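Below is the file start17.tsv, which contains TSV, C-alpha atoms.
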chain	number	residue	atom	x	y	z
A	1	MET	CA	1.38	11.19	-45.96
A	2	ILE	CA	-1.54	10.47	-48.27
A	3	THR	CA	-4.61	9.21	-46.44
A	4	ASP	CA	-6.39	5.94	-47.14
A	5	GLN	CA	-9.59	7.95	-47.80
A	6	LEU	CA	-7.91	9.89	-50.58
A	7	ALA	CA	-6.46	6.77	-52.21
A	8	GLN	CA	-9.83	5.02	-52.01
A	9	TYR	CA	-11.70	8.04	-53.41
A	10	TYR	CA	-9.55	8.04	-56.54
A	11	ALA	CA	-9.60	4.25	-56.83
A	12	VAL	CA	-13.41	4.06	-56.94
A	13	GLY	CA	-13.67	7.05	-59.29
A	14	VAL	CA	-11.01	5.99	-61.75
A	15	GLN	CA	-13.36	5.63	-64.72
A	16	GLU	CA	-14.70	9.19	-64.35
A	17	TYR	CA	-11.49	10.90	-63.29
A	18	ASP	CA	-10.84	12.74	-66.57
A	19	SER	CA	-14.36	14.22	-66.65
A	20	ARG	CA	-12.89	17.06	-64.55
A	21	TYR	CA	-11.41	18.42	-67.79
A	22	ASP	CA	-14.61	18.33	-69.87
A	23	SER	CA	-15.97	21.84	-69.20
A	24	ALA	CA	-15.70	24.32	-72.08
A	25	ASP	CA	-14.79	26.98	-69.49
A	26	LEU	CA	-11.51	25.17	-68.87
A	27	GLU	CA	-10.46	24.80	-72.50
A	28	ASP	CA	-8.26	27.90	-72.82
A	29	ASP	CA	-6.48	27.25	-69.52
A	30	LEU	CA	-5.88	23.59	-70.38
A	31	ASP	CA	-4.56	24.38	-73.87
A	32	GLU	CA	-2.03	26.76	-72.34
A	33	LEU	CA	-1.03	24.22	-69.69
A	34	HIS	CA	-0.51	21.43	-72.23
A	35	ASP	CA	1.69	23.70	-74.35
A	36	LYS	CA	3.71	24.80	-71.33
A	37	VAL	CA	4.21	21.25	-70.02
A	38	GLU	CA	5.41	20.07	-73.43
A	39	GLU	CA	7.78	23.05	-73.70
A	40	LEU	CA	9.26	22.67	-70.22
A	41	LEU	CA	9.80	18.91	-70.39
A	42	SER	CA	11.06	18.73	-73.97
A	43	GLY	CA	14.06	16.41	-74.24
A	44	HIS	CA	13.97	15.42	-70.55
A	45	LYS	CA	14.00	12.04	-68.86
A	46	VAL	CA	10.89	12.53	-66.71
A	47	LEU	CA	9.68	10.88	-63.52
A	48	GLU	CA	5.95	11.49	-63.19
A	49	ILE	CA	4.46	11.38	-59.68
A	50	ALA	CA	0.81	10.33	-59.24
A	51	CYS	CA	0.17	9.96	-62.97
A	52	GLY	CA	-3.47	8.93	-62.49
A	53	THR	CA	-5.13	7.95	-65.75
A	54	GLY	CA	-2.19	9.10	-67.87
A	55	TYR	CA	-3.94	12.28	-69.04
A	56	TRP	CA	-0.86	14.46	-68.48
A	57	THR	CA	1.50	11.63	-69.38
A	58	GLN	CA	0.28	12.06	-72.95
A	59	SER	CA	1.43	15.67	-73.07
A	60	ILE	CA	4.78	14.86	-71.47
A	61	ALA	CA	5.40	12.02	-73.93
A	62	GLU	CA	4.92	14.37	-76.89
A	63	THR	CA	8.31	16.00	-76.32
A	64	ALA	CA	10.17	14.18	-73.51
A	65	GLU	CA	12.96	11.71	-74.21
A	66	SER	CA	11.35	9.25	-71.79
A	67	VAL	CA	8.70	9.07	-69.05
A	68	ARG	CA	8.43	6.83	-65.99
A	69	ALA	CA	4.80	7.29	-64.90
A	70	THR	CA	4.08	6.19	-61.33
A	71	ASP	CA	1.01	6.00	-59.14
A	72	ILE	CA	0.08	4.35	-55.84
A	73	ASN	CA	-3.18	2.99	-57.34
A	74	GLN	CA	-2.88	-0.01	-59.64
A	75	GLU	CA	-6.42	0.82	-60.86
A	76	MET	CA	-5.15	4.14	-62.19
A	77	LEU	CA	-2.15	2.55	-63.88
A	78	ASP	CA	-4.32	-0.12	-65.51
A	79	LEU	CA	-6.44	2.62	-67.09
A	80	ALA	CA	-3.42	4.73	-68.04
A	81	GLN	CA	-1.90	1.82	-69.92
A	82	THR	CA	-4.95	1.56	-72.19
A	83	ARG	CA	-3.85	4.83	-73.82
A	84	ASP	CA	-1.76	4.71	-76.97
A	85	PHE	CA	1.76	5.17	-75.63
A	86	ASP	CA	5.05	4.27	-77.31
A	87	PRO	CA	6.54	1.63	-74.95
A	88	ASP	CA	10.01	2.86	-75.89
A	89	VAL	CA	9.11	6.25	-74.42
A	90	VAL	CA	6.63	5.60	-71.57
A	91	GLN	CA	6.89	3.02	-68.80
A	92	PHE	CA	4.62	2.56	-65.78
A	93	SER	CA	5.19	1.38	-62.23
A	94	VAL	CA	3.47	1.41	-58.85
A	95	ALA	CA	5.18	3.77	-56.42
A	96	ASP	CA	4.31	5.71	-53.28
A	97	ALA	CA	5.23	9.35	-53.88
A	98	PHE	CA	6.38	9.63	-50.25
A	99	ASP	CA	8.49	6.47	-50.40
A	100	LEU	CA	10.04	6.25	-53.83
A	101	PRO	CA	12.19	3.13	-54.25
A	102	ALA	CA	15.94	3.56	-54.06
A	103	ASP	CA	16.29	2.13	-57.57
A	104	ILE	CA	13.71	4.47	-59.12
A	105	GLY	CA	16.26	5.44	-61.75
A	106	SER	CA	17.99	8.54	-63.07
A	107	TYR	CA	15.95	11.51	-64.33
A	108	THR	CA	16.48	15.11	-65.37
A	109	ALA	CA	12.93	16.25	-64.53
A	110	CYS	CA	10.00	15.41	-62.27
A	111	PHE	CA	6.35	16.21	-62.96
A	112	ALA	CA	3.34	16.06	-60.64
A	113	GLY	CA	-0.12	17.04	-61.83
A	114	PHE	CA	-2.83	17.76	-59.24
A	115	TRP	CA	-0.72	16.23	-56.50
A	116	TRP	CA	0.64	19.15	-54.48
A	117	SER	CA	-2.86	20.04	-53.25
A	118	HIS	CA	-3.06	16.61	-51.58
A	119	VAL	CA	0.20	16.99	-49.66
A	120	LYS	CA	-0.30	18.30	-46.13
A	121	ARG	CA	1.41	21.60	-45.48
A	122	GLU	CA	3.50	20.03	-42.71
A	123	ASP	CA	4.69	17.27	-45.09
A	124	GLN	CA	5.60	19.42	-48.09
A	125	GLU	CA	9.24	20.09	-47.18
A	126	ARG	CA	9.77	16.39	-46.42
A	127	PHE	CA	8.34	15.47	-49.82
A	128	LEU	CA	10.67	17.92	-51.57
A	129	GLY	CA	13.60	16.63	-49.51
A	130	GLN	CA	12.89	13.10	-50.66
A	131	LEU	CA	12.89	14.21	-54.29
A	132	ARG	CA	16.25	15.90	-53.76
A	133	ALA	CA	17.64	12.75	-52.13
A	134	LYS	CA	16.35	10.40	-54.85
A	135	LEU	CA	16.73	12.58	-57.96
A	136	GLY	CA	19.60	14.90	-57.09
A	137	LYS	CA	20.15	18.65	-57.18
A	138	ASP	CA	19.32	20.73	-60.26
A	139	THR	CA	16.53	18.34	-61.31
A	140	LEU	CA	13.71	20.29	-62.96
A	141	LEU	CA	10.44	20.08	-61.01
A	142	VAL	CA	7.11	20.97	-62.65
A	143	LEU	CA	3.86	21.09	-60.67
A	144	ILE	CA	0.35	21.91	-61.84
A	145	ASP	CA	-2.79	22.08	-59.73
A	146	GLU	CA	-6.16	23.71	-59.25
A	147	SER	CA	-6.89	27.27	-58.20
A	148	TYR	CA	-9.90	27.86	-55.97
A	149	VAL	CA	-12.70	29.55	-57.91
A	150	ASP	CA	-15.76	30.81	-56.02
A	151	GLY	CA	-18.93	29.21	-57.30
A	152	VAL	CA	-17.00	26.60	-59.30
A	153	SER	CA	-14.77	24.72	-56.88
A	154	ASP	CA	-16.21	22.39	-54.28
A	155	VAL	CA	-16.74	24.24	-50.99
A	156	VAL	CA	-14.01	23.88	-48.37
A	157	ALA	CA	-15.65	22.01	-45.51
A	158	ARG	CA	-13.04	22.51	-42.82
A	159	THR	CA	-9.54	23.76	-42.10
A	160	ASP	CA	-7.26	22.01	-39.61
A	161	ALA	CA	-4.83	23.54	-37.13
A	162	ALA	CA	-1.97	23.42	-39.67
A	163	GLY	CA	-4.00	25.32	-42.25
A	164	ASN	CA	-4.83	22.33	-44.47
A	165	THR	CA	-8.23	22.54	-46.15
A	166	PHE	CA	-10.60	19.64	-46.77
A	167	GLN	CA	-13.59	19.05	-49.05
A	168	PHE	CA	-16.35	16.47	-48.72
A	169	LEU	CA	-16.69	14.68	-52.07
A	170	THR	CA	-19.02	11.87	-53.10
A	171	GLY	CA	-17.33	8.94	-54.81
A	172	ASP	CA	-18.73	6.79	-57.60
A	173	ASP	CA	-19.61	4.23	-54.95
A	174	GLY	CA	-22.00	6.72	-53.33
A	175	GLN	CA	-19.87	7.11	-50.24
A	176	ARG	CA	-18.78	10.48	-48.88
A	177	TYR	CA	-15.04	11.08	-48.61
A	178	GLU	CA	-13.13	13.80	-46.81
A	179	VAL	CA	-10.45	14.84	-49.31
A	180	LEU	CA	-7.45	17.02	-48.51
A	181	ARG	CA	-7.10	19.75	-51.11
A	182	ASN	CA	-5.03	22.85	-50.44
A	183	PHE	CA	-5.20	25.96	-52.63
A	184	PRO	CA	-1.94	27.86	-52.02
A	185	SER	CA	-1.36	31.42	-53.16
A	186	ASP	CA	1.75	32.31	-55.16
A	187	SER	CA	3.36	33.81	-52.04
A	188	THR	CA	2.62	30.67	-50.01
A	189	LEU	CA	4.17	28.48	-52.69
A	190	ARG	CA	7.30	30.60	-52.86
A	191	LYS	CA	7.68	30.73	-49.08
A	192	LYS	CA	7.12	27.01	-48.54
A	193	MET	CA	9.47	25.93	-51.33
A	194	ALA	CA	12.24	28.51	-50.97
A	195	SER	CA	14.47	26.36	-48.77
A	196	SER	CA	14.25	23.34	-51.11
A	197	VAL	CA	14.23	24.75	-54.65
A	198	ARG	CA	15.50	27.65	-56.74
A	199	GLU	CA	14.46	29.50	-59.90
A	200	ILE	CA	10.75	29.39	-58.99
A	201	ARG	CA	8.45	30.50	-61.80
A	202	ILE	CA	4.66	30.49	-61.46
A	203	LEU	CA	1.96	30.72	-64.09
A	204	ARG	CA	-1.37	31.58	-62.42
A	205	GLN	CA	-4.54	31.07	-64.45
A	206	GLU	CA	-8.18	31.41	-63.47
A	207	HIS	CA	-8.67	27.68	-62.85
A	208	TYR	CA	-5.14	26.29	-62.54
A	209	TRP	CA	-1.56	27.16	-61.67
A	210	LEU	CA	1.80	25.85	-62.90
A	211	LEU	CA	5.09	26.08	-61.04
A	212	SER	CA	8.53	25.21	-62.38
A	213	CYS	CA	11.78	25.22	-60.39
A	214	ARG	CA	15.07	23.42	-59.80
A	215	LEU	CA	15.82	21.26	-56.77
A	216	LYS	CA	18.62	22.72	-54.64
Structure translated into structure tokens:
Amino acid sequence: MITDQLAQYYAVGVQEYDSRYDSADLEDDLDELHDKVEELLSGHKVLEIACGTGYWTQSIAETAESVRATDINQEMLDLAQTRDFDPDVVQFSVADAFDLPADIGSYTACFAGFWWSHVKREDQERFLGQLRAKLGKDTLLVLIDESYVDGVSDVVARTDAAGNTFQFLTGDDGQRYEVLRNFPSDSTLRKKMASSVREIRILRQEHYWLLSCRLK
């Protein structure tokens, strides 16, 4: 489950969310990720989980047949819809990634950017099981997220008994939030997902990683 603290942290920081991509050090990694996302999702009917401000929705919409971009925060969706999207290609709706509505629709691919790190290790298989139940087997799943970089990433403040790691981050409202953010290795990703997906492929960069697979 996603904690109230996490949802509130992103809600209060919605206007500054995309500033995470502004560093020149990230440019090469991001260019490669955008190209890969567009290539993988070309021609697909895509369900996007936790779309945030629509930053990655833009890349998906470049080549996908259609995109249903969802997020639990209406504040995020309001900002995302200010971008210049073709309404015949991109639609938005509020949805809890852990409780997708039964009538979510039919899709050939699912994308989640910077979401997997916020899913507790003990909830990951349940999340994948829900995707399988709602979207069906053989659906393409594409995940991207952050790699931990010493001296760049926020310091991990604590680790719980299940191995989840947490950072203390200051929101735009000046409050301090404890934010779940896991940084799995390639072997951890493969081991955790092996029972739920097939054809796992991982691109590991300095600052980010991308995983593509098919739901079993």
Under the rule that all atoms listed in the file are counted, which of A:Val94, A:Met193, A:Leu26, A:Ala109 is the nearest residue to A:Ser66?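 Nearest to A:Ser66: A:Ala109.
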I need the residue nearest A:Ala95 from this list: A:Glu206, A:Ala64, A:Ser59, A:Cys51. Use all atoms listed in the file for the distance. A:Cys51
Taking all atoms listed in the file into account, name the residue in A:Thr139, A:Ser147, A:Ser195, A:Thr63 that is nearest to A:Glu39.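 The closest residue to A:Glu39 is A:Thr63.
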Nearest to A:Gly113, chosen from A:Glu48, A:Asp138, A:Glu125, A:Asp86, with all atoms listed in the file counted in the distances: A:Glu48
Tell me which of A:Phe168, A:Tyr55, A:Phe111, A:Tyr208 sits closest to A:Val37, counting all atoms listed in the file.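 Nearest to A:Val37: A:Phe111.
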Could you tell me which of A:Arg214, A:His207, A:Arg83, A:Arg126 comes closest to A:Ser23 if we count all atoms listed in the file?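 So, comparing all the options, the nearest one is A:His207.
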Enter the distance from atom CA of A:Trp209 to atom CA of A:Phe85, in Å, rounded to one decimal.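 We find that atom CA of A:Trp209 and atom CA of A:Phe85 lie 26.3 Å from each other.
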Using only C-alpha atoms, what residues lie at most 12 Å away from (-4.3, 29.1, -50.5) (file coordinates), given as number ranges by chain? A: 116-117, 121, 145-149, 156, 159, 163-166, 181-190, 192, 209
Tell me, as a PDB file with C-alpha atoms, in the coordinates of the input, which residues lie within 6 Å of A:Gly52, counting all atoms listed in the file; anything in the same chain fewer than 2 positions away does not count.
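Wrote it out as out_8.pdb, contents follow:
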ATOM      1  CA  ALA A  50       0.810  10.330 -59.240  1.00  0.00           C
ATOM      2  CA  GLY A  54      -2.190   9.100 -67.870  1.00  0.00           C
ATOM      3  CA  MET A  76      -5.150   4.140 -62.190  1.00  0.00           C
TER       4      MET A  76
END
Which neighbours of A:Ile200 fall inside 7 Å, counting all atoms listed in the file, when residues of the same chain fewer than 3 positions from it are skipped, and could you give them as a count of residues only? 3
